[in-house]
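Pasting protein.cif here (mmCIF, N, CA and C atoms):
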```
data_model
#
loop_
_atom_site.label_atom_id
_atom_site.label_comp_id
_atom_site.auth_asym_id
_atom_site.auth_seq_id
_atom_site.Cartn_x
_atom_site.Cartn_y
_atom_site.Cartn_z
N MET A 1 -199.61 -203.91 33.27
CA MET A 1 -198.56 -204.79 33.68
C MET A 1 -197.85 -205.38 32.47
N GLY A 2 -198.49 -205.52 31.41
CA GLY A 2 -197.91 -206.09 30.21
C GLY A 2 -196.84 -205.20 29.61
N GLN A 3 -196.97 -203.88 29.82
CA GLN A 3 -195.98 -202.96 29.26
C GLN A 3 -194.71 -202.91 30.12
N THR A 4 -194.76 -203.19 31.39
CA THR A 4 -193.61 -203.10 32.27
C THR A 4 -192.78 -204.37 32.29
N LEU A 5 -193.36 -205.48 31.83
CA LEU A 5 -192.64 -206.75 31.87
C LEU A 5 -191.34 -206.71 31.05
N PRO A 6 -191.29 -206.14 29.85
CA PRO A 6 -190.01 -206.08 29.13
C PRO A 6 -188.96 -205.22 29.85
N TYR A 7 -189.40 -204.12 30.46
CA TYR A 7 -188.45 -203.27 31.20
C TYR A 7 -187.91 -204.00 32.43
N LEU A 8 -188.75 -204.78 33.08
CA LEU A 8 -188.32 -205.56 34.23
C LEU A 8 -187.29 -206.59 33.82
N ILE A 9 -187.50 -207.25 32.73
CA ILE A 9 -186.56 -208.28 32.27
C ILE A 9 -185.22 -207.63 31.90
N VAL A 10 -185.24 -206.50 31.18
CA VAL A 10 -184.01 -205.80 30.81
C VAL A 10 -183.29 -205.32 32.07
N GLY A 11 -184.03 -204.80 33.04
CA GLY A 11 -183.43 -204.32 34.28
C GLY A 11 -182.77 -205.43 35.05
N VAL A 12 -183.40 -206.59 35.14
CA VAL A 12 -182.82 -207.72 35.87
C VAL A 12 -181.57 -208.21 35.15
N LEU A 13 -181.60 -208.24 33.81
CA LEU A 13 -180.43 -208.69 33.06
C LEU A 13 -179.27 -207.70 33.15
N LEU A 14 -179.54 -206.41 33.26
CA LEU A 14 -178.48 -205.40 33.35
C LEU A 14 -177.97 -205.18 34.77
N LEU A 15 -178.65 -205.71 35.75
CA LEU A 15 -178.26 -205.51 37.15
C LEU A 15 -176.83 -205.95 37.43
N PRO A 16 -176.33 -207.09 36.98
CA PRO A 16 -174.93 -207.44 37.24
C PRO A 16 -173.93 -206.56 36.47
N VAL A 17 -174.36 -205.92 35.40
CA VAL A 17 -173.45 -205.12 34.58
C VAL A 17 -173.31 -203.69 35.13
N VAL A 18 -174.27 -203.20 35.86
CA VAL A 18 -174.26 -201.82 36.35
C VAL A 18 -173.05 -201.52 37.24
N PRO A 19 -172.64 -202.37 38.20
CA PRO A 19 -171.44 -202.04 39.00
C PRO A 19 -170.19 -201.88 38.14
N HIS A 20 -170.05 -202.71 37.10
CA HIS A 20 -168.89 -202.59 36.23
C HIS A 20 -168.92 -201.27 35.46
N LEU A 21 -170.09 -200.87 35.02
CA LEU A 21 -170.22 -199.59 34.32
C LEU A 21 -169.91 -198.41 35.24
N LEU A 22 -170.37 -198.52 36.50
CA LEU A 22 -170.08 -197.45 37.46
C LEU A 22 -168.59 -197.40 37.78
N THR A 23 -167.93 -198.56 37.85
CA THR A 23 -166.49 -198.60 38.11
C THR A 23 -165.73 -197.95 36.96
N LEU A 24 -166.14 -198.27 35.73
CA LEU A 24 -165.50 -197.65 34.57
C LEU A 24 -165.71 -196.14 34.57
N LEU A 25 -166.89 -195.70 34.93
CA LEU A 25 -167.18 -194.27 34.98
C LEU A 25 -166.33 -193.59 36.05
N ALA A 26 -166.22 -194.22 37.24
CA ALA A 26 -165.41 -193.64 38.32
C ALA A 26 -163.93 -193.61 37.92
N GLY A 27 -163.44 -194.66 37.26
CA GLY A 27 -162.06 -194.67 36.80
C GLY A 27 -161.78 -193.57 35.79
N GLY A 28 -162.70 -193.37 34.87
CA GLY A 28 -162.56 -192.27 33.91
C GLY A 28 -162.57 -190.92 34.59
N HIS A 29 -163.44 -190.78 35.57
CA HIS A 29 -163.51 -189.55 36.35
C HIS A 29 -162.18 -189.27 37.04
N ALA A 30 -161.62 -190.32 37.65
CA ALA A 30 -160.33 -190.18 38.36
C ALA A 30 -159.21 -189.83 37.40
N ALA A 31 -159.21 -190.45 36.21
CA ALA A 31 -158.16 -190.15 35.23
C ALA A 31 -158.23 -188.70 34.77
N VAL A 32 -159.44 -188.20 34.55
CA VAL A 32 -159.59 -186.80 34.14
C VAL A 32 -159.15 -185.87 35.27
N ALA A 33 -159.53 -186.19 36.49
CA ALA A 33 -159.13 -185.35 37.63
C ALA A 33 -157.62 -185.35 37.80
N ARG A 34 -156.98 -186.53 37.68
CA ARG A 34 -155.53 -186.62 37.79
C ARG A 34 -154.85 -185.79 36.71
N ALA A 35 -155.36 -185.89 35.49
CA ALA A 35 -154.76 -185.14 34.39
C ALA A 35 -154.90 -183.64 34.61
N LEU A 36 -156.04 -183.21 35.14
CA LEU A 36 -156.24 -181.78 35.38
C LEU A 36 -155.41 -181.27 36.54
N LEU A 37 -155.31 -182.06 37.61
CA LEU A 37 -154.60 -181.60 38.80
C LEU A 37 -153.09 -181.71 38.66
N LEU A 38 -152.62 -182.81 38.11
CA LEU A 38 -151.18 -183.03 38.03
C LEU A 38 -150.56 -182.53 36.74
N GLY A 39 -151.32 -182.38 35.73
CA GLY A 39 -150.76 -181.99 34.46
C GLY A 39 -150.06 -183.19 33.83
N GLY A 40 -149.34 -182.94 32.79
CA GLY A 40 -148.65 -184.02 32.10
C GLY A 40 -147.32 -184.34 32.77
N PRO A 41 -146.56 -185.22 32.15
CA PRO A 41 -145.24 -185.57 32.69
C PRO A 41 -144.31 -184.37 32.78
N ALA A 42 -144.43 -183.45 31.85
CA ALA A 42 -143.57 -182.25 31.89
C ALA A 42 -143.87 -181.41 33.13
N GLU A 43 -145.15 -181.30 33.47
CA GLU A 43 -145.52 -180.54 34.67
C GLU A 43 -144.97 -181.21 35.93
N ARG A 44 -145.08 -182.53 35.99
CA ARG A 44 -144.56 -183.25 37.15
C ARG A 44 -143.05 -183.09 37.26
N LEU A 45 -142.36 -183.19 36.14
CA LEU A 45 -140.91 -183.01 36.15
C LEU A 45 -140.53 -181.61 36.58
N ARG A 46 -141.28 -180.62 36.11
CA ARG A 46 -141.01 -179.24 36.49
C ARG A 46 -141.24 -179.06 37.99
N ALA A 47 -142.30 -179.64 38.52
CA ALA A 47 -142.58 -179.53 39.96
C ALA A 47 -141.49 -180.21 40.78
N GLU A 48 -141.02 -181.38 40.32
CA GLU A 48 -139.94 -182.07 41.02
C GLU A 48 -138.65 -181.27 40.97
N LEU A 49 -138.37 -180.66 39.82
CA LEU A 49 -137.17 -179.85 39.68
C LEU A 49 -137.21 -178.65 40.61
N ILE A 50 -138.36 -178.02 40.72
CA ILE A 50 -138.50 -176.89 41.64
C ILE A 50 -138.28 -177.34 43.07
N GLU A 51 -138.84 -178.49 43.44
CA GLU A 51 -138.66 -178.99 44.80
C GLU A 51 -137.20 -179.34 45.08
N VAL A 52 -136.53 -179.93 44.11
CA VAL A 52 -135.10 -180.25 44.28
C VAL A 52 -134.29 -178.97 44.43
N SER A 53 -134.61 -177.95 43.64
CA SER A 53 -133.90 -176.68 43.74
C SER A 53 -134.11 -176.05 45.11
N ARG A 54 -135.33 -176.09 45.58
CA ARG A 54 -135.61 -175.53 46.92
C ARG A 54 -134.89 -176.32 48.00
N SER A 55 -134.85 -177.62 47.84
CA SER A 55 -134.15 -178.47 48.80
C SER A 55 -132.66 -178.15 48.83
N ARG A 56 -132.07 -177.94 47.65
CA ARG A 56 -130.65 -177.60 47.59
C ARG A 56 -130.39 -176.26 48.28
N VAL A 57 -131.28 -175.30 48.09
CA VAL A 57 -131.11 -173.99 48.72
C VAL A 57 -131.20 -174.14 50.24
N ARG A 58 -132.18 -174.95 50.70
CA ARG A 58 -132.29 -175.17 52.15
C ARG A 58 -131.04 -175.83 52.71
N LEU A 59 -130.51 -176.83 52.01
CA LEU A 59 -129.29 -177.49 52.47
C LEU A 59 -128.10 -176.54 52.48
N ALA A 60 -127.96 -175.75 51.43
CA ALA A 60 -126.84 -174.80 51.36
C ALA A 60 -126.96 -173.78 52.49
N ASP A 61 -128.17 -173.30 52.77
CA ASP A 61 -128.36 -172.36 53.87
C ASP A 61 -128.03 -173.00 55.21
N ALA A 62 -128.45 -174.25 55.39
CA ALA A 62 -128.16 -174.95 56.65
C ALA A 62 -126.66 -175.15 56.83
N PHE A 63 -125.96 -175.54 55.75
CA PHE A 63 -124.51 -175.72 55.84
C PHE A 63 -123.81 -174.40 56.11
N ASP A 64 -124.28 -173.33 55.48
CA ASP A 64 -123.68 -172.02 55.68
C ASP A 64 -123.89 -171.54 57.12
N ALA A 65 -125.08 -171.76 57.64
CA ALA A 65 -125.36 -171.37 59.03
C ALA A 65 -124.49 -172.17 60.00
N GLU A 66 -124.31 -173.45 59.72
CA GLU A 66 -123.47 -174.28 60.58
C GLU A 66 -122.01 -173.83 60.51
N ARG A 67 -121.55 -173.50 59.30
CA ARG A 67 -120.17 -173.01 59.14
C ARG A 67 -119.97 -171.70 59.91
N ARG A 68 -120.94 -170.79 59.82
CA ARG A 68 -120.84 -169.52 60.56
C ARG A 68 -120.84 -169.77 62.06
N ARG A 69 -121.65 -170.73 62.52
CA ARG A 69 -121.68 -171.04 63.95
C ARG A 69 -120.33 -171.57 64.41
N ILE A 70 -119.74 -172.46 63.62
CA ILE A 70 -118.44 -173.02 63.99
C ILE A 70 -117.38 -171.93 63.99
N GLU A 71 -117.38 -171.07 62.97
CA GLU A 71 -116.41 -169.98 62.92
C GLU A 71 -116.58 -169.05 64.11
N ARG A 72 -117.83 -168.75 64.46
CA ARG A 72 -118.09 -167.87 65.59
C ARG A 72 -117.60 -168.51 66.89
N ASP A 73 -117.87 -169.81 67.05
CA ASP A 73 -117.41 -170.49 68.26
C ASP A 73 -115.89 -170.50 68.35
N LEU A 74 -115.24 -170.76 67.21
CA LEU A 74 -113.77 -170.75 67.21
C LEU A 74 -113.25 -169.35 67.51
N HIS A 75 -113.84 -168.34 66.87
CA HIS A 75 -113.41 -166.96 67.08
C HIS A 75 -113.64 -166.54 68.51
N ASP A 76 -114.82 -166.85 69.04
CA ASP A 76 -115.14 -166.45 70.42
C ASP A 76 -114.22 -167.15 71.41
N GLY A 77 -113.92 -168.42 71.18
CA GLY A 77 -113.02 -169.15 72.07
C GLY A 77 -111.63 -168.56 72.05
N ALA A 78 -111.11 -168.26 70.86
CA ALA A 78 -109.78 -167.67 70.74
C ALA A 78 -109.76 -166.27 71.37
N GLN A 79 -110.82 -165.53 71.16
CA GLN A 79 -110.88 -164.17 71.71
C GLN A 79 -110.93 -164.23 73.24
N GLN A 80 -111.65 -165.18 73.80
CA GLN A 80 -111.70 -165.30 75.26
C GLN A 80 -110.34 -165.65 75.83
N ARG A 81 -109.63 -166.56 75.16
CA ARG A 81 -108.29 -166.92 75.63
C ARG A 81 -107.34 -165.73 75.54
N LEU A 82 -107.49 -164.94 74.47
CA LEU A 82 -106.64 -163.76 74.31
C LEU A 82 -106.93 -162.72 75.39
N VAL A 83 -108.19 -162.56 75.74
CA VAL A 83 -108.55 -161.63 76.82
C VAL A 83 -107.94 -162.11 78.13
N GLY A 84 -108.01 -163.41 78.37
CA GLY A 84 -107.40 -163.96 79.59
C GLY A 84 -105.90 -163.75 79.62
N LEU A 85 -105.25 -163.96 78.49
CA LEU A 85 -103.80 -163.75 78.40
C LEU A 85 -103.46 -162.28 78.63
N THR A 86 -104.24 -161.39 78.05
CA THR A 86 -103.99 -159.95 78.23
C THR A 86 -104.14 -159.56 79.69
N LEU A 87 -105.15 -160.11 80.35
CA LEU A 87 -105.34 -159.81 81.78
C LEU A 87 -104.17 -160.34 82.60
N GLN A 88 -103.72 -161.54 82.30
CA GLN A 88 -102.59 -162.11 83.05
C GLN A 88 -101.32 -161.30 82.82
N LEU A 89 -101.09 -160.87 81.59
CA LEU A 89 -99.91 -160.04 81.32
C LEU A 89 -100.00 -158.70 82.04
N GLY A 90 -101.21 -158.13 82.07
CA GLY A 90 -101.39 -156.87 82.78
C GLY A 90 -101.13 -157.02 84.26
N LEU A 91 -101.62 -158.11 84.85
CA LEU A 91 -101.36 -158.36 86.28
C LEU A 91 -99.88 -158.62 86.53
N ALA A 92 -99.25 -159.37 85.63
CA ALA A 92 -97.82 -159.65 85.79
C ALA A 92 -97.01 -158.36 85.68
N ARG A 93 -97.43 -157.46 84.80
CA ARG A 93 -96.74 -156.17 84.64
C ARG A 93 -96.83 -155.35 85.92
N LEU A 94 -97.98 -155.42 86.59
CA LEU A 94 -98.14 -154.68 87.85
C LEU A 94 -97.30 -155.28 88.96
N ASP A 95 -97.08 -156.59 88.95
CA ASP A 95 -96.31 -157.26 90.01
C ASP A 95 -94.80 -157.05 89.87
N LEU A 96 -94.32 -156.80 88.66
CA LEU A 96 -92.88 -156.64 88.44
C LEU A 96 -92.43 -155.23 88.80
N PRO A 97 -91.20 -155.11 89.31
CA PRO A 97 -90.69 -153.76 89.58
C PRO A 97 -90.47 -153.02 88.26
N PRO A 98 -90.66 -151.71 88.26
CA PRO A 98 -90.62 -150.95 87.03
C PRO A 98 -89.28 -151.01 86.28
N GLY A 99 -88.17 -151.16 86.89
CA GLY A 99 -86.88 -151.11 86.20
C GLY A 99 -86.39 -152.47 85.74
N ALA A 100 -87.08 -153.53 86.06
CA ALA A 100 -86.60 -154.88 85.74
C ALA A 100 -86.70 -155.13 84.23
N GLY A 101 -85.78 -155.95 83.70
CA GLY A 101 -85.78 -156.28 82.28
C GLY A 101 -87.02 -157.09 81.89
N ALA A 102 -87.48 -157.93 82.80
CA ALA A 102 -88.67 -158.74 82.54
C ALA A 102 -89.91 -157.84 82.43
N ALA A 103 -89.90 -156.71 83.14
CA ALA A 103 -91.04 -155.80 83.10
C ALA A 103 -91.22 -155.24 81.70
N GLU A 104 -90.10 -154.92 81.03
CA GLU A 104 -90.19 -154.39 79.67
C GLU A 104 -90.72 -155.46 78.71
N ALA A 105 -90.28 -156.70 78.86
CA ALA A 105 -90.74 -157.78 77.99
C ALA A 105 -92.23 -158.06 78.22
N VAL A 106 -92.64 -158.06 79.49
CA VAL A 106 -94.05 -158.30 79.80
C VAL A 106 -94.91 -157.15 79.28
N THR A 107 -94.40 -155.91 79.39
CA THR A 107 -95.13 -154.75 78.89
C THR A 107 -95.28 -154.84 77.37
N ALA A 108 -94.23 -155.23 76.66
CA ALA A 108 -94.30 -155.36 75.20
C ALA A 108 -95.29 -156.47 74.82
N ALA A 109 -95.25 -157.59 75.54
CA ALA A 109 -96.17 -158.69 75.25
C ALA A 109 -97.61 -158.27 75.52
N HIS A 110 -97.81 -157.50 76.59
CA HIS A 110 -99.14 -157.01 76.95
C HIS A 110 -99.68 -156.09 75.85
N GLU A 111 -98.82 -155.20 75.34
CA GLU A 111 -99.24 -154.28 74.28
C GLU A 111 -99.57 -155.05 72.99
N GLN A 112 -98.74 -156.05 72.68
CA GLN A 112 -99.00 -156.86 71.48
C GLN A 112 -100.32 -157.62 71.62
N ALA A 113 -100.61 -158.13 72.78
CA ALA A 113 -101.87 -158.87 73.00
C ALA A 113 -103.07 -157.93 72.86
N LYS A 114 -102.92 -156.69 73.36
CA LYS A 114 -104.03 -155.73 73.23
C LYS A 114 -104.24 -155.36 71.75
N GLN A 115 -103.16 -155.20 71.00
CA GLN A 115 -103.30 -154.89 69.57
C GLN A 115 -103.94 -156.05 68.83
N LEU A 116 -103.54 -157.25 69.15
CA LEU A 116 -104.12 -158.41 68.51
C LEU A 116 -105.62 -158.54 68.82
N MET A 117 -105.98 -158.23 70.06
CA MET A 117 -107.38 -158.27 70.44
C MET A 117 -108.20 -157.22 69.67
N ALA A 118 -107.60 -156.04 69.48
CA ALA A 118 -108.28 -155.00 68.70
C ALA A 118 -108.43 -155.42 67.24
N GLU A 119 -107.44 -156.12 66.68
CA GLU A 119 -107.54 -156.60 65.30
C GLU A 119 -108.62 -157.68 65.16
N LEU A 120 -108.74 -158.53 66.18
CA LEU A 120 -109.76 -159.59 66.12
C LEU A 120 -111.16 -159.01 66.14
N ARG A 121 -111.32 -157.92 66.86
CA ARG A 121 -112.65 -157.32 66.95
C ARG A 121 -112.98 -156.64 65.65
#
```
Represent the structure from my file as structure tokens, please.
Amino acid sequence: MGQTLPYLIVGVLLLPVVPHLLTLLAGGHAAVARALLLGGPAERLRAELIEVSRSRVRLADAFDAERRRIERDLHDGAQQRLVGLTLQLGLARLDLPPGAGAAEAVTAAHEQAKQLMAELR
């Protein structure tokens, strides 16, 4: 028992210091892990730059897709109206007598509408 008494006294005196030592050890461990996983400031900047570049590409693609959708909607709407106009001119051409002056004008307009529709396609 005489040999263990000095170790007991040292252990009791170091007991309040041990949590601080463990905290310092854990903090050092975390700093090393952070440095290994994240790299230096240059690595972080490079990673942020890559993410910004990818974000710009995604935004540009989204804007381009939206522009194509709007163009398609405008084109499809105009094409539908042109088809309707061509049908109405064709029906009007059938209703007019063949020798009337209006029949020639309606026939010319009908042909122009069909050509325009072919150009749109």
What lies within 10 Å of A:Leu116 using only C-alpha atoms, ignoring chain neighbours under 3 positions off, as a JSON list (two decimals) with N, CA and C atoms, keeping the file's coordinate frame?
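Below is the file that was written, result.json:
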```json
[["chain", "number", "residue", "atom", "x", "y", "z"],
["A", 79, "GLN", "N", -110.82, -165.53, 71.16],
["A", 79, "GLN", "CA", -110.88, -164.17, 71.71],
["A", 79, "GLN", "C", -110.93, -164.23, 73.24],
["A", 82, "LEU", "N", -107.49, -164.94, 74.47],
["A", 82, "LEU", "CA", -106.64, -163.76, 74.31],
["A", 82, "LEU", "C", -106.93, -162.72, 75.39],
["A", 83, "VAL", "N", -108.19, -162.56, 75.74],
["A", 83, "VAL", "CA", -108.55, -161.63, 76.82],
["A", 83, "VAL", "C", -107.94, -162.11, 78.13],
["A", 86, "THR", "N", -104.24, -161.39, 78.05],
["A", 86, "THR", "CA", -103.99, -159.95, 78.23],
["A", 86, "THR", "C", -104.14, -159.56, 79.69],
["A", 110, "HIS", "N", -97.81, -157.50, 76.59],
["A", 110, "HIS", "CA", -99.14, -157.01, 76.95],
["A", 110, "HIS", "C", -99.68, -156.09, 75.85],
["A", 111, "GLU", "N", -98.82, -155.20, 75.34],
["A", 111, "GLU", "CA", -99.24, -154.28, 74.28],
["A", 111, "GLU", "C", -99.57, -155.05, 72.99],
["A", 112, "GLN", "N", -98.74, -156.05, 72.68],
["A", 112, "GLN", "CA", -99.00, -156.86, 71.48],
["A", 112, "GLN", "C", -100.32, -157.62, 71.62],
["A", 113, "ALA", "N", -100.61, -158.13, 72.78],
["A", 113, "ALA", "CA", -101.87, -158.87, 73.00],
["A", 113, "ALA", "C", -103.07, -157.93, 72.86],
["A", 119, "GLU", "N", -107.44, -156.12, 66.68],
["A", 119, "GLU", "CA", -107.54, -156.60, 65.30],
["A", 119, "GLU", "C", -108.62, -157.68, 65.16],
["A", 120, "LEU", "N", -108.74, -158.53, 66.18],
["A", 120, "LEU", "CA", -109.76, -159.59, 66.12],
["A", 120, "LEU", "C", -111.16, -159.01, 66.14],
["A", 121, "ARG", "N", -111.32, -157.92, 66.86],
["A", 121, "ARG", "CA", -112.65, -157.32, 66.95],
["A", 121, "ARG", "C", -112.98, -156.64, 65.65]]
```
Open item on the list: What does the structure give for the distance between atom CA of A:Gln88 and atom CA of A:Val106, in Å to one decimal?
Closed with: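 Atom-to-atom, atom CA of A:Gln88 and atom CA of A:Val106 are spaced 9.9 Å apart.
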TODO: One decimal, Å: what's the distance from atom CA of A:Asp61 over to atom C of A:Ala47, could you say?
DONE: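 Separating atom CA of A:Asp61 from atom C of A:Ala47 is a distance of 20.1 Å.
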- [ ] Take atom CA of A:Gly77 and atom CA of A:Leu91 and report the distance between them in Å, one decimal.
- [x]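 Computing it gives 21.3 Å between the two atoms.
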Since the input is missing atoms, can you rebuild all heavy atoms for stretch 3-13 of chain A and write them as an mmCIF file, in the frame of the given file?
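Ended up saving to result.cif:
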```cif
data_model
loop_
_atom_site.group_PDB
_atom_site.id
_atom_site.type_symbol
_atom_site.label_atom_id
_atom_site.label_comp_id
_atom_site.auth_asym_id
_atom_site.auth_seq_id
_atom_site.Cartn_x
_atom_site.Cartn_y
_atom_site.Cartn_z
ATOM 1 N N GLN A 3 -196.970 -203.880 29.820
ATOM 2 C CA GLN A 3 -195.980 -202.960 29.260
ATOM 3 C C GLN A 3 -194.710 -202.910 30.120
ATOM 4 O O GLN A 3 -193.634 -202.602 29.617
ATOM 5 C CB GLN A 3 -196.557 -201.552 29.161
ATOM 6 C CG GLN A 3 -197.681 -201.453 28.163
ATOM 7 C CD GLN A 3 -198.307 -200.062 28.198
ATOM 8 O OE1 GLN A 3 -198.102 -199.310 29.136
ATOM 9 N NE2 GLN A 3 -199.088 -199.748 27.181
ATOM 10 N N THR A 4 -194.760 -203.190 31.390
ATOM 11 C CA THR A 4 -193.610 -203.100 32.270
ATOM 12 C C THR A 4 -192.780 -204.370 32.290
ATOM 13 O O THR A 4 -191.617 -204.342 32.715
ATOM 14 C CB THR A 4 -194.069 -202.795 33.707
ATOM 15 O OG1 THR A 4 -194.919 -203.815 34.152
ATOM 16 C CG2 THR A 4 -194.729 -201.450 33.779
ATOM 17 N N LEU A 5 -193.360 -205.480 31.830
ATOM 18 C CA LEU A 5 -192.640 -206.750 31.870
ATOM 19 C C LEU A 5 -191.340 -206.710 31.050
ATOM 20 O O LEU A 5 -190.297 -207.161 31.552
ATOM 21 C CB LEU A 5 -193.553 -207.883 31.396
ATOM 22 C CG LEU A 5 -193.003 -209.291 31.585
ATOM 23 C CD1 LEU A 5 -192.702 -209.556 33.040
ATOM 24 C CD2 LEU A 5 -193.980 -210.309 31.026
ATOM 25 N N PRO A 6 -191.290 -206.140 29.850
ATOM 26 C CA PRO A 6 -190.010 -206.080 29.130
ATOM 27 C C PRO A 6 -188.960 -205.220 29.850
ATOM 28 O O PRO A 6 -187.777 -205.550 29.866
ATOM 29 C CB PRO A 6 -190.372 -205.474 27.781
ATOM 30 C CG PRO A 6 -191.845 -205.600 27.644
ATOM 31 C CD PRO A 6 -192.391 -205.718 29.023
ATOM 32 N N TYR A 7 -189.400 -204.120 30.460
ATOM 33 C CA TYR A 7 -188.450 -203.270 31.200
ATOM 34 C C TYR A 7 -187.910 -204.000 32.430
ATOM 35 O O TYR A 7 -186.728 -203.862 32.776
ATOM 36 C CB TYR A 7 -189.121 -201.961 31.639
ATOM 37 C CG TYR A 7 -189.454 -201.051 30.480
ATOM 38 C CD1 TYR A 7 -190.778 -200.772 30.157
ATOM 39 C CD2 TYR A 7 -188.445 -200.475 29.726
ATOM 40 C CE1 TYR A 7 -191.084 -199.934 29.108
ATOM 41 C CE2 TYR A 7 -188.766 -199.640 28.661
ATOM 42 C CZ TYR A 7 -190.075 -199.367 28.361
ATOM 43 O OH TYR A 7 -190.380 -198.541 27.311
ATOM 44 N N LEU A 8 -188.750 -204.780 33.080
ATOM 45 C CA LEU A 8 -188.320 -205.560 34.230
ATOM 46 C C LEU A 8 -187.290 -206.590 33.820
ATOM 47 O O LEU A 8 -186.268 -206.757 34.492
ATOM 48 C CB LEU A 8 -189.545 -206.237 34.879
ATOM 49 C CG LEU A 8 -189.243 -207.132 36.083
ATOM 50 C CD1 LEU A 8 -188.727 -206.282 37.242
ATOM 51 C CD2 LEU A 8 -190.473 -207.907 36.494
ATOM 52 N N ILE A 9 -187.500 -207.250 32.730
ATOM 53 C CA ILE A 9 -186.560 -208.280 32.270
ATOM 54 C C ILE A 9 -185.220 -207.630 31.900
ATOM 55 O O ILE A 9 -184.150 -208.122 32.279
ATOM 56 C CB ILE A 9 -187.170 -209.064 31.081
ATOM 57 C CG1 ILE A 9 -188.361 -209.869 31.569
ATOM 58 C CG2 ILE A 9 -186.137 -209.969 30.438
ATOM 59 C CD1 ILE A 9 -189.161 -210.526 30.454
ATOM 60 N N VAL A 10 -185.240 -206.500 31.180
ATOM 61 C CA VAL A 10 -184.010 -205.800 30.810
ATOM 62 C C VAL A 10 -183.290 -205.320 32.070
ATOM 63 O O VAL A 10 -182.058 -205.427 32.170
ATOM 64 C CB VAL A 10 -184.325 -204.643 29.844
ATOM 65 C CG1 VAL A 10 -183.091 -203.767 29.620
ATOM 66 C CG2 VAL A 10 -184.825 -205.182 28.523
ATOM 67 N N GLY A 11 -184.030 -204.800 33.040
ATOM 68 C CA GLY A 11 -183.430 -204.320 34.280
ATOM 69 C C GLY A 11 -182.770 -205.430 35.050
ATOM 70 O O GLY A 11 -181.667 -205.265 35.587
ATOM 71 N N VAL A 12 -183.400 -206.590 35.140
ATOM 72 C CA VAL A 12 -182.820 -207.720 35.870
ATOM 73 C C VAL A 12 -181.570 -208.210 35.150
ATOM 74 O O VAL A 12 -180.564 -208.575 35.768
ATOM 75 C CB VAL A 12 -183.872 -208.851 36.033
ATOM 76 C CG1 VAL A 12 -183.234 -210.120 36.547
ATOM 77 C CG2 VAL A 12 -184.979 -208.398 36.964
ATOM 78 N N LEU A 13 -181.600 -208.240 33.810
ATOM 79 C CA LEU A 13 -180.430 -208.690 33.060
ATOM 80 C C LEU A 13 -179.270 -207.700 33.150
ATOM 81 O O LEU A 13 -178.102 -208.094 33.154
ATOM 82 C CB LEU A 13 -180.802 -208.915 31.589
ATOM 83 C CG LEU A 13 -181.731 -210.095 31.297
ATOM 84 C CD1 LEU A 13 -182.102 -210.130 29.817
ATOM 85 C CD2 LEU A 13 -181.069 -211.408 31.702
#
```
